[in-house]
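Structure first, then comments.
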Amino acid sequence: MQKVINVLAILSFVGVSGIIGGGAVVYLRRDAIAEQVKERVAKAAAEAITGALPGMLDAAVPKSLPQATGGAIPSVGGAAAGSLSVPGL
């Protein structure tokens, strides 16, 4: 029975040591890990946007554009007629 308890104690020690060691490694490398995650997220976002742009542009452009446009809108007095004054003053 004592041997079983000793084995369990050793396994417990190994497990706790692994957890503490892993936590220490993550804590000491947290800046590098954060930078790697930022780079991966930025790369994935850039790829997603680049892949979605052609579809967005195709959907935004109408299928048939007008072949001709009308004339200019006629102006009624004001700056277009050569006067820079404010009407009514």
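Chain labels A, B, ... are given in the sequence in which chains occur in the structure tokens; within each chain residues are numbered consecutively from 1, and ligands are likewise numbered from 1 in the order shown.
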Handout entry: Expected answer as a VMD selection string: helix (DSSP H, G or I) residues in chain A
Key = chain A and resid 2 to 28 30 to 60 78 to 81
